[in-house]
$ cat my_file_28.cif   # mmCIF, C-alpha atoms
data_query
loop_
_atom_site.label_atom_id
_atom_site.label_comp_id
_atom_site.auth_asym_id
_atom_site.auth_seq_id
_atom_site.Cartn_x
_atom_site.Cartn_y
_atom_site.Cartn_z
CA GLU A 48 -10.79 -1.28 15.80
CA ARG A 49 -8.68 -4.30 16.80
CA VAL A 50 -7.52 -4.84 13.22
CA LEU A 51 -6.62 -1.14 12.88
CA ARG A 52 -4.42 -1.41 15.98
CA GLU A 53 -2.90 -4.64 14.66
CA PHE A 54 -2.15 -2.95 11.34
CA ALA A 55 -0.57 0.10 13.05
CA GLU A 56 1.54 -2.15 15.28
CA HIS A 57 2.68 -4.27 12.34
CA TYR A 58 3.53 -1.14 10.31
CA HIS A 59 5.62 0.39 13.13
CA THR A 60 7.34 -2.91 13.93
CA ASN A 61 8.43 -3.32 10.28
CA PRO A 62 9.51 0.17 9.09
CA LYS A 63 11.31 -1.09 5.96
CA LEU A 64 8.32 -3.06 4.69
CA VAL A 65 6.19 -0.37 3.02
CA PRO A 66 9.10 1.34 1.20
CA PHE A 67 10.27 -2.07 0.01
CA LEU A 68 6.80 -3.06 -1.17
CA VAL A 69 6.25 0.25 -2.99
CA ASN A 70 9.61 0.06 -4.76
CA ASN A 71 9.11 -3.59 -5.68
CA ILE A 72 5.58 -2.93 -6.95
CA GLN A 73 6.72 0.07 -9.01
CA GLU A 74 9.55 -1.95 -10.56
CA GLN A 75 7.17 -4.78 -11.49
CA VAL A 76 4.54 -2.39 -12.89
CA HIS A 77 7.26 -0.73 -14.98
CA LYS A 78 8.21 -4.14 -16.44
CA TYR A 79 4.83 -5.84 -16.75
CA ASP A 80 2.18 -3.10 -16.25
CA TRP A 81 0.69 -5.06 -13.33
CA VAL A 82 1.81 -6.87 -10.20
CA CYS A 83 0.51 -9.53 -7.87
CA PHE A 84 0.64 -8.16 -4.31
CA ASP A 85 1.19 -11.69 -2.97
CA ALA A 86 4.35 -11.96 -5.09
CA ALA A 87 5.58 -8.56 -3.85
CA TRP A 88 4.87 -9.68 -0.29
CA SER A 89 6.77 -12.97 -0.77
CA THR A 90 9.74 -11.05 -2.17
CA ALA A 91 9.68 -8.75 0.87
CA LEU A 92 9.66 -11.78 3.17
CA MET A 93 12.78 -13.17 1.50
CA GLU A 94 14.68 -9.90 1.12
CA LEU A 95 13.95 -8.28 4.48
CA ARG A 96 14.28 -11.35 6.66
CA THR A 97 17.48 -11.33 8.65
CA PRO A 98 18.98 -14.38 10.36
CA GLY A 99 17.53 -14.48 13.85
CA GLY A 100 15.39 -11.42 13.10
CA PRO A 101 11.64 -11.04 13.30
CA LYS A 102 9.53 -13.16 11.01
CA PHE A 103 6.86 -11.37 9.07
CA LYS A 104 3.35 -12.68 9.40
CA LEU A 105 0.47 -11.18 7.50
CA SER A 106 -3.16 -12.13 7.82
CA ALA A 107 -5.50 -11.69 4.86
CA GLN A 108 -7.07 -8.75 6.72
CA LEU A 109 -3.76 -6.93 7.13
CA LYS A 110 -2.85 -7.55 3.51
CA ALA A 111 -5.97 -5.64 2.48
CA TRP A 112 -4.92 -2.74 4.74
CA TYR A 113 -1.45 -2.59 3.18
CA VAL A 114 -2.84 -2.62 -0.37
CA ARG A 115 -5.32 0.17 0.43
CA GLY A 116 -2.71 2.24 2.25
CA ILE A 117 -0.32 1.95 -0.67
CA LEU A 118 -3.02 2.81 -3.21
CA TYR A 119 -4.11 5.79 -1.11
CA CYS A 120 -0.56 7.17 -1.23
CA LYS A 121 0.21 5.99 -4.76
CA PRO A 122 -3.06 6.21 -6.76
CA ASP A 123 -1.12 5.80 -10.02
CA LEU A 124 -0.82 2.09 -9.10
CA ASN A 125 -4.60 1.73 -8.99
CA GLY A 126 -5.82 -0.94 -11.41
CA ARG A 127 -2.40 -2.59 -11.34
CA LEU A 128 -2.83 -4.44 -8.01
CA GLU A 129 -5.48 -7.01 -7.26
CA VAL A 130 -7.72 -6.00 -4.36
CA ARG A 131 -10.23 -8.01 -2.34
CA THR A 132 -13.78 -6.79 -2.63
CA ARG A 133 -14.78 -7.48 0.96
CA ALA A 134 -12.43 -5.93 3.46
CA ALA A 135 -13.08 -4.14 6.73
CA SER A 136 -10.47 -1.59 5.66
CA ASN A 137 -12.81 -0.36 2.91
CA SER A 138 -15.04 1.43 5.39
CA VAL A 139 -12.14 2.80 7.46
CA PHE A 140 -10.43 4.28 4.39
CA GLY A 141 -13.79 5.30 2.89
CA MET A 142 -13.08 3.21 -0.22
CA ALA A 143 -14.93 0.67 -2.34
CA VAL A 144 -13.92 -1.66 -5.15
CA ALA A 145 -15.22 -0.50 -8.54
CA GLU A 146 -17.93 -2.64 -10.11
CA GLU A 147 -15.95 -3.31 -13.30
CA LYS A 148 -12.38 -3.20 -14.52
CA LEU A 149 -11.43 -0.39 -16.86
CA PRO A 150 -10.06 -1.37 -20.27
CA GLY A 151 -6.34 -2.09 -20.01
CA ASP A 152 -6.38 -2.57 -16.23
CA TYR A 153 -5.12 -5.77 -14.62
CA ALA A 154 -7.57 -5.55 -11.75
CA GLN A 155 -10.58 -3.66 -10.53
CA ARG A 156 -9.76 -0.21 -9.21
CA LEU A 157 -10.33 1.10 -5.76
CA GLU A 158 -12.39 4.27 -5.63
CA TRP A 159 -13.80 6.47 -2.92
CA ALA A 160 -17.06 5.16 -1.46
CA ASP A 161 -18.97 7.86 -3.38
CA GLY A 162 -17.64 6.46 -6.69
CA SER A 163 -15.04 9.17 -7.37
CA PRO A 164 -11.47 8.14 -8.31
CA LEU A 165 -8.65 8.04 -5.74
CA THR A 166 -6.87 10.78 -7.66
CA GLU A 167 -9.47 13.20 -6.28
CA PRO A 168 -9.32 14.29 -2.63
CA HIS A 169 -11.10 12.16 -0.06
CA PRO A 170 -14.80 13.13 -0.02
CA ALA A 171 -14.47 14.41 3.57
CA LEU A 172 -11.75 16.85 2.43
CA ARG A 173 -13.47 18.26 -0.62
CA GLY A 174 -13.92 22.01 -0.38
CA THR A 175 -11.00 22.20 2.04
CA PRO A 176 -7.72 23.51 0.61
CA VAL A 177 -5.38 20.54 0.48
CA PRO A 178 -1.77 20.96 -0.63
CA PRO A 179 -0.88 18.82 -3.65
CA ARG A 180 0.85 15.54 -2.96
CA LYS A 181 4.57 15.52 -3.49
CA PRO A 182 5.58 12.76 -5.88
CA VAL A 183 7.45 9.93 -4.21
CA GLN A 184 10.36 8.76 -6.29
CA SER A 185 11.40 5.16 -6.50
CA VAL A 186 14.74 4.50 -4.90
CA PRO A 187 16.79 1.35 -4.58
CA VAL A 188 15.88 -0.52 -1.41
CA SER A 189 19.53 -0.47 -0.32
CA THR A 190 19.29 3.32 0.19
CA LEU A 191 16.37 3.18 2.63
CA VAL A 192 17.04 4.48 6.13
CA VAL A 193 15.04 3.34 9.13
CA ARG A 194 13.52 6.25 11.05
CA ASP A 195 14.28 6.78 14.70
CA GLU A 196 11.68 5.56 17.12
CA GLY A 197 8.90 8.07 17.62
CA GLN A 198 8.99 9.42 14.07
CA SER A 199 6.20 8.53 11.71
CA GLY A 200 5.48 8.56 8.02
CA LEU A 201 4.35 5.93 5.60
CA PHE A 202 7.37 5.96 3.32
CA GLY A 203 10.18 6.73 5.80
CA GLU A 204 13.23 8.70 4.76
CA VAL A 205 15.65 7.99 1.98
CA ALA A 206 19.36 8.69 1.96
#
$ encode --input "my_file_28.cif" --output "structure tokens"
Amino acid sequence: ERVLREFAEHYHTNPKLVPFLVNNIQEQVHKYDWVCFDAAWSTALMELRTPGGPKFKLSAQLKAWYVRGILYCKPDLNGRLEVRTRAASNSVFGMAVAEEKLPGDYAQRLEWADGSPLTEPHPALRGTPVPPRKPVQSVPVSTLVVRDEGQSGLFGEVA
């Protein structure tokens, strides 16, 4: 529970981080078909750091939460990002790391704990009508707009 609060606090304190990471990851996957999350994170540290601004710190536990959150929202990136097998976030998200890599994948895929792919609805939602996900388009980071305090949403708004 403490790590979940820490993750939520870190996410809300750094509203540009997730959109930047997603765009950076998608650009790298488009070029190389895979991406190292650590490299995407390091790029975010350099690009989003402002003189005198907050410094990003990320524990190994929080990194696992960001990867799983991104893969939950963008399952097309699954198999393209390396994920840690043992993470407390697995049980919270209801996910598990697949036993083996699929042919052509850079890394093992995340799947729902029951073994079904992330492209299917969460097992708890099966049988419940769920509207289809709207595709999120990649946009240049320079067009990202920070939401006003009190608004929520994983990817923020774009101009």
$ atom_distance --input "my_file_28.cif" --atom1 "CA of Leu92 in chain A" --atom2 "CA of Leu128 in chain A"
18.3 Å
$ residues_around --input "my_file_28.cif" --residues "Val114 in chain A" --least-positions-apart "3" --cutoff "12 Å" --atoms "only C-alpha atoms" --output "PyMOL selection string"
chain A and resi 54+65+68-69+72+82-85+87-88+107-111+117-122+124-132+134+136-137+140+142+156-157
$ closest_residue --input "my_file_28.cif" --among "A:Glu167, A:Gly141, A:Asp80, A:Met93" --to "Ala154 in chain A" --atoms "only C-alpha atoms"
A:Asp80
$ atom_distance --input "my_file_28.cif" --atom1 "CA of Gly151 in chain A" --atom2 "CA of Asn70 in chain A"
22.2 Å
$ atom_distance --input "my_file_28.cif" --atom1 "CA of Ala145 in chain A" --atom2 "CA of Trp81 in chain A"
17.2 Å
$ closest_residue --input "my_file_28.cif" --among "A:Pro98, A:Gly174, A:Ala91, A:Ala160" --to "Asn71 in chain A" --atoms "all atoms listed in the file"
A:Ala91
$ closest_residue --input "my_file_28.cif" --among "A:Gln73, A:Ala143, A:Lys78, A:Glu56" --to "Gln155 in chain A" --atoms "only C-alpha atoms"
A:Ala143
$ closest_residue --input "my_file_28.cif" --among "A:Trp112, A:Asp152, A:Leu172, A:Asp123" --to "Ala135 in chain A" --atoms "all atoms listed in the file"
A:Trp112
$ closest_residue --input "my_file_28.cif" --among "A:Asp161, A:Gly116, A:His169, A:Glu146" --to "Ala55 in chain A" --atoms "all atoms listed in the file"
A:Gly116
$ closest_residue --input "my_file_28.cif" --among "A:Glu48, A:Ala171, A:Phe67, A:His57" --to "Leu95 in chain A" --atoms "all atoms listed in the file"
A:Phe67
